[in-house]
>>> print(open('data20.cif').read())   # mmCIF, N, CA and C atoms and all ligand atoms
data_work
loop_
_atom_site.label_atom_id
_atom_site.label_comp_id
_atom_site.auth_asym_id
_atom_site.auth_seq_id
_atom_site.Cartn_x
_atom_site.Cartn_y
_atom_site.Cartn_z
N MET L 255 8.67 -12.95 9.50
CA MET L 255 7.60 -11.97 9.34
C MET L 255 7.70 -11.31 7.97
N THR L 256 6.57 -11.07 7.40
CA THR L 256 6.51 -10.43 6.09
C THR L 256 6.97 -8.98 6.17
N GLU L 257 7.82 -8.60 5.27
CA GLU L 257 8.27 -7.21 5.23
C GLU L 257 7.25 -6.34 4.53
N LEU L 258 7.01 -5.20 5.13
CA LEU L 258 6.02 -4.30 4.54
C LEU L 258 6.59 -2.90 4.42
N ASP L 259 6.02 -2.17 3.52
CA ASP L 259 6.49 -0.81 3.31
C ASP L 259 5.29 0.05 2.91
N THR L 260 5.41 1.32 3.07
CA THR L 260 4.31 2.20 2.67
C THR L 260 4.77 3.11 1.54
N ARG L 261 3.90 3.28 0.61
CA ARG L 261 4.15 4.23 -0.47
C ARG L 261 2.85 4.95 -0.78
N PRO L 262 2.93 6.18 -1.16
CA PRO L 262 1.70 6.91 -1.48
C PRO L 262 1.20 6.61 -2.88
N ILE L 263 0.02 7.06 -3.13
CA ILE L 263 -0.58 6.90 -4.44
C ILE L 263 0.12 7.81 -5.45
N ASP L 264 0.55 7.24 -6.54
CA ASP L 264 1.20 8.03 -7.57
C ASP L 264 0.20 8.51 -8.60
N ASN L 265 -0.68 7.62 -8.96
CA ASN L 265 -1.65 7.92 -10.00
C ASN L 265 -3.06 7.75 -9.45
N PRO L 266 -3.73 8.86 -9.17
CA PRO L 266 -5.07 8.78 -8.57
C PRO L 266 -6.06 8.04 -9.46
N ALA L 267 -5.79 7.95 -10.73
CA ALA L 267 -6.68 7.26 -11.64
C ALA L 267 -6.76 5.77 -11.31
N LEU L 268 -5.71 5.24 -10.69
CA LEU L 268 -5.72 3.83 -10.32
C LEU L 268 -6.49 3.59 -9.04
N ASP L 269 -6.76 4.67 -8.33
CA ASP L 269 -7.43 4.56 -7.05
C ASP L 269 -8.92 4.70 -7.24
N THR L 270 -9.58 3.61 -7.50
CA THR L 270 -11.00 3.68 -7.87
C THR L 270 -11.89 3.11 -6.79
N GLY L 271 -13.06 3.67 -6.66
CA GLY L 271 -14.07 3.12 -5.78
C GLY L 271 -13.74 3.20 -4.32
N ASP L 272 -12.95 4.15 -3.91
CA ASP L 272 -12.59 4.29 -2.51
C ASP L 272 -12.97 5.67 -2.02
N ASP L 273 -13.42 5.75 -0.76
CA ASP L 273 -13.80 7.06 -0.24
C ASP L 273 -12.59 7.82 0.29
N GLU L 274 -11.43 7.16 0.34
CA GLU L 274 -10.22 7.84 0.75
C GLU L 274 -9.16 7.68 -0.34
N PRO L 275 -9.25 8.49 -1.36
CA PRO L 275 -8.41 8.30 -2.54
C PRO L 275 -6.95 8.67 -2.34
N LYS L 276 -6.65 9.40 -1.26
CA LYS L 276 -5.27 9.87 -1.10
C LYS L 276 -4.63 9.27 0.14
N ASN L 277 -4.50 7.96 0.13
CA ASN L 277 -3.86 7.29 1.25
C ASN L 277 -2.67 6.49 0.78
N SER L 278 -1.73 6.31 1.71
CA SER L 278 -0.70 5.32 1.51
C SER L 278 -1.22 3.99 2.03
N HIS L 279 -0.70 2.92 1.49
CA HIS L 279 -1.10 1.59 1.94
C HIS L 279 0.12 0.76 2.27
N TYR L 280 -0.09 -0.21 3.14
CA TYR L 280 0.96 -1.19 3.37
C TYR L 280 0.93 -2.22 2.27
N VAL L 281 2.10 -2.41 1.67
CA VAL L 281 2.22 -3.38 0.59
C VAL L 281 3.45 -4.24 0.88
N LYS L 282 3.36 -5.51 0.57
CA LYS L 282 4.52 -6.38 0.74
C LYS L 282 5.70 -5.85 -0.06
N LYS L 283 6.86 -5.94 0.57
CA LYS L 283 8.06 -5.41 -0.08
C LYS L 283 8.30 -6.07 -1.43
N GLU L 284 8.05 -7.37 -1.51
CA GLU L 284 8.26 -8.08 -2.78
C GLU L 284 7.31 -7.55 -3.85
N ASP L 285 6.11 -7.15 -3.43
CA ASP L 285 5.15 -6.60 -4.39
C ASP L 285 5.59 -5.23 -4.88
N ILE L 286 6.19 -4.45 -3.97
CA ILE L 286 6.70 -3.13 -4.36
C ILE L 286 7.83 -3.29 -5.37
N MET L 287 8.71 -4.26 -5.09
CA MET L 287 9.83 -4.50 -6.01
C MET L 287 9.31 -4.91 -7.38
N ARG L 288 8.34 -5.83 -7.37
CA ARG L 288 7.79 -6.31 -8.63
C ARG L 288 7.08 -5.18 -9.36
N SER L 289 6.38 -4.37 -8.58
CA SER L 289 5.67 -3.24 -9.16
C SER L 289 6.65 -2.27 -9.81
N ALA L 290 7.78 -2.04 -9.13
CA ALA L 290 8.79 -1.14 -9.68
C ALA L 290 9.39 -1.70 -10.97
N LEU L 291 9.54 -3.02 -11.01
CA LEU L 291 10.12 -3.66 -12.20
C LEU L 291 9.14 -3.71 -13.36
N ASP L 292 7.90 -4.11 -13.05
CA ASP L 292 6.91 -4.34 -14.10
C ASP L 292 6.08 -3.11 -14.43
N GLY L 293 6.00 -2.19 -13.48
CA GLY L 293 5.08 -1.07 -13.64
C GLY L 293 3.64 -1.46 -13.41
N THR L 294 3.44 -2.62 -12.76
CA THR L 294 2.09 -3.07 -12.46
C THR L 294 1.72 -2.68 -11.03
N PRO L 295 0.46 -2.40 -10.77
CA PRO L 295 0.05 -2.04 -9.41
C PRO L 295 0.21 -3.21 -8.45
N ALA L 296 0.47 -2.89 -7.18
CA ALA L 296 0.57 -3.91 -6.15
C ALA L 296 -0.74 -3.99 -5.39
N VAL L 297 -0.95 -5.10 -4.69
CA VAL L 297 -2.16 -5.25 -3.88
C VAL L 297 -1.80 -4.99 -2.42
N ALA L 298 -2.46 -4.00 -1.83
CA ALA L 298 -2.17 -3.61 -0.44
C ALA L 298 -2.76 -4.62 0.53
N LEU L 299 -2.37 -4.51 1.79
CA LEU L 299 -2.90 -5.36 2.86
C LEU L 299 -4.41 -5.34 2.90
N CYS L 300 -4.99 -4.17 2.68
CA CYS L 300 -6.44 -4.02 2.76
C CYS L 300 -7.13 -4.58 1.52
N GLY L 301 -6.33 -5.03 0.54
CA GLY L 301 -6.92 -5.62 -0.65
C GLY L 301 -7.00 -4.65 -1.82
N LYS L 302 -6.57 -3.43 -1.58
CA LYS L 302 -6.65 -2.41 -2.60
C LYS L 302 -5.55 -2.58 -3.63
N THR L 303 -5.91 -2.48 -4.88
CA THR L 303 -4.91 -2.47 -5.94
C THR L 303 -4.35 -1.07 -6.04
N TRP L 304 -3.05 -0.95 -5.93
CA TRP L 304 -2.47 0.35 -5.66
C TRP L 304 -1.07 0.44 -6.24
N MET L 305 -0.76 1.59 -6.78
CA MET L 305 0.52 1.80 -7.44
C MET L 305 1.49 2.50 -6.49
N PRO L 306 2.45 1.77 -5.96
CA PRO L 306 3.43 2.40 -5.06
C PRO L 306 4.36 3.33 -5.83
N ASN L 307 4.89 4.32 -5.16
CA ASN L 307 5.96 5.11 -5.78
C ASN L 307 7.02 5.45 -4.75
N ARG L 308 7.89 6.37 -5.07
CA ARG L 308 9.05 6.59 -4.22
C ARG L 308 8.91 7.79 -3.32
N ASP L 309 7.71 8.15 -2.97
CA ASP L 309 7.51 9.35 -2.17
C ASP L 309 6.68 9.05 -0.93
N PRO L 310 7.23 8.24 -0.01
CA PRO L 310 6.44 7.83 1.15
C PRO L 310 6.11 9.00 2.07
N GLU L 311 5.12 8.79 2.90
CA GLU L 311 4.71 9.76 3.92
C GLU L 311 4.11 11.04 3.35
N LYS L 312 3.73 11.00 2.11
CA LYS L 312 3.07 12.15 1.51
C LYS L 312 1.59 12.14 1.87
N TYR L 313 1.07 10.94 2.04
CA TYR L 313 -0.34 10.77 2.38
C TYR L 313 -0.48 9.97 3.66
N PRO L 314 -1.58 10.16 4.38
CA PRO L 314 -1.81 9.34 5.59
C PRO L 314 -2.00 7.88 5.20
N ILE L 315 -1.60 7.00 6.10
CA ILE L 315 -1.73 5.57 5.83
C ILE L 315 -3.18 5.14 6.01
N CYS L 316 -3.63 4.36 5.07
CA CYS L 316 -4.97 3.80 5.06
C CYS L 316 -5.29 3.15 6.41
N PRO L 317 -6.37 3.54 7.07
CA PRO L 317 -6.70 3.00 8.40
C PRO L 317 -6.89 1.48 8.39
N LYS L 318 -7.42 0.96 7.32
CA LYS L 318 -7.59 -0.49 7.23
C LYS L 318 -6.25 -1.20 7.22
N CYS L 319 -5.31 -0.62 6.49
CA CYS L 319 -3.97 -1.20 6.42
C CYS L 319 -3.30 -1.15 7.79
N VAL L 320 -3.48 -0.04 8.51
CA VAL L 320 -2.91 0.10 9.86
C VAL L 320 -3.45 -1.00 10.76
N GLU L 321 -4.76 -1.20 10.69
CA GLU L 321 -5.41 -2.22 11.50
C GLU L 321 -4.85 -3.61 11.20
N LEU L 322 -4.76 -3.91 9.93
CA LEU L 322 -4.27 -5.23 9.53
C LEU L 322 -2.81 -5.41 9.90
N MET L 323 -2.04 -4.31 9.77
CA MET L 323 -0.63 -4.36 10.12
C MET L 323 -0.45 -4.66 11.61
N GLU L 324 -1.29 -4.01 12.44
CA GLU L 324 -1.23 -4.25 13.89
C GLU L 324 -1.59 -5.69 14.22
N MET L 325 -2.56 -6.23 13.49
CA MET L 325 -2.92 -7.64 13.68
C MET L 325 -1.74 -8.55 13.35
N LEU L 326 -1.09 -8.26 12.22
CA LEU L 326 0.06 -9.07 11.81
C LEU L 326 1.18 -8.97 12.83
N ARG L 327 1.41 -7.76 13.33
CA ARG L 327 2.48 -7.55 14.30
C ARG L 327 2.19 -8.30 15.59
N SER L 328 0.92 -8.28 16.01
CA SER L 328 0.57 -8.95 17.27
C SER L 328 0.69 -10.46 17.15
N MET L 329 0.60 -10.96 15.91
CA MET L 329 0.73 -12.40 15.70
C MET L 329 2.18 -12.82 15.53
N ASP L 330 3.04 -11.85 15.34
CA ASP L 330 4.44 -12.15 15.04
C ASP L 330 5.15 -12.81 16.24
ZN ZN L 401 -4.97 0.11 2.60
#
>>> encode(input="data20.cif", output="structure tokens")
Amino acid sequence: MTELDTRPIDNPALDTGDDEPKNSHYVKKEDIMRSALDGTPAVALCGKTWMPNRDPEKYPICPKCVELMEMLRSMD
């Protein structure tokens, strides 16, 4: 099963075109690691390009990501 983690939005400027700008998203752990190394945004489960940081649980988790995560879990 793919490992996932949640991180909140660090830079709201990267959060464009969304009606819920202050959400955490589920992102693959490998993407978070790469993001931390490169400083490049990761792509969340919901498809959102998003910059993870080290302050989880600061924002509510994106409902779309929750839905997709539940789907993935049920398929596991
Ligand atoms: Zn999301």
>>> atom_distance(input="data20.cif", atom1="atom CA of L:Pro306", atom2="atom N of L:Leu326")
20.8 Å
>>> residues_around(input="data20.cif", residues="stretch 283-291 of chain L", least_positions_apart="2", cutoff="6.5 Å", atoms="all atoms listed in the file", output="VMD selection string")
chain L and resid 256 to 259 281 293 to 297 306
>>> closest_residue(input="data20.cif", among="L:Glu324, L:Trp304, L:Asp330, L:Ala298", to="ligand ZN 401 (chain L)", atoms="only C-alpha atoms and all ligand atoms")
L:Ala298
>>> residues_near_ligand(input="data20.cif", ligand="ligand ZN 401 (chain L)", cutoff="6 Å", atoms="only N, CA and C atoms and all ligand atoms", output="PDB file with N, CA and C atoms, in the frame of the given file")
ATOM      1  N   SER L 278      -1.730   6.310   1.710  1.00  0.00           N
ATOM      2  CA  SER L 278      -0.700   5.320   1.510  1.00  0.00           C
ATOM      3  C   SER L 278      -1.220   3.990   2.030  1.00  0.00           C
ATOM      4  N   HIS L 279      -0.700   2.920   1.490  1.00  0.00           N
ATOM      5  CA  HIS L 279      -1.100   1.590   1.940  1.00  0.00           C
ATOM      6  C   HIS L 279       0.120   0.760   2.270  1.00  0.00           C
ATOM      7  N   TYR L 280      -0.090  -0.210   3.140  1.00  0.00           N
ATOM      8  CA  TYR L 280       0.960  -1.190   3.370  1.00  0.00           C
ATOM      9  C   TYR L 280       0.930  -2.220   2.270  1.00  0.00           C
ATOM     10  N   ALA L 298      -2.460  -4.000  -1.830  1.00  0.00           N
ATOM     11  CA  ALA L 298      -2.170  -3.610  -0.440  1.00  0.00           C
ATOM     12  C   ALA L 298      -2.760  -4.620   0.530  1.00  0.00           C
ATOM     13  N   LEU L 299      -2.370  -4.510   1.790  1.00  0.00           N
ATOM     14  CA  LEU L 299      -2.900  -5.360   2.860  1.00  0.00           C
ATOM     15  C   LEU L 299      -4.410  -5.340   2.900  1.00  0.00           C
ATOM     16  N   CYS L 300      -4.990  -4.170   2.680  1.00  0.00           N
ATOM     17  CA  CYS L 300      -6.440  -4.020   2.760  1.00  0.00           C
ATOM     18  C   CYS L 300      -7.130  -4.580   1.520  1.00  0.00           C
ATOM     19  N   GLY L 301      -6.330  -5.030   0.540  1.00  0.00           N
ATOM     20  CA  GLY L 301      -6.920  -5.620  -0.650  1.00  0.00           C
ATOM     21  C   GLY L 301      -7.000  -4.650  -1.820  1.00  0.00           C
ATOM     22  N   LYS L 302      -6.570  -3.430  -1.580  1.00  0.00           N
ATOM     23  CA  LYS L 302      -6.650  -2.410  -2.600  1.00  0.00           C
ATOM     24  C   LYS L 302      -5.550  -2.580  -3.630  1.00  0.00           C
ATOM     25  N   CYS L 316      -3.630   4.360   5.070  1.00  0.00           N
ATOM     26  CA  CYS L 316      -4.970   3.800   5.060  1.00  0.00           C
ATOM     27  C   CYS L 316      -5.290   3.150   6.410  1.00  0.00           C
ATOM     28  N   PRO L 317      -6.370   3.540   7.070  1.00  0.00           N
ATOM     29  CA  PRO L 317      -6.700   3.000   8.400  1.00  0.00           C
ATOM     30  C   PRO L 317      -6.890   1.480   8.390  1.00  0.00           C
ATOM     31  N   LYS L 318      -7.420   0.960   7.320  1.00  0.00           N
ATOM     32  CA  LYS L 318      -7.590  -0.490   7.230  1.00  0.00           C
ATOM     33  C   LYS L 318      -6.250  -1.200   7.220  1.00  0.00           C
ATOM     34  N   CYS L 319      -5.310  -0.620   6.490  1.00  0.00           N
ATOM     35  CA  CYS L 319      -3.970  -1.200   6.420  1.00  0.00           C
ATOM     36  C   CYS L 319      -3.300  -1.150   7.790  1.00  0.00           C
TER      37      CYS L 319
END
>>> atom_distance(input="data20.cif", atom1="atom N of L:Lys276", atom2="atom CA of L:Asp292")
23.2 Å
>>> atom_distance(input="data20.cif", atom1="atom N of L:Ser328", atom2="atom CA of L:Ile315")
17.4 Å
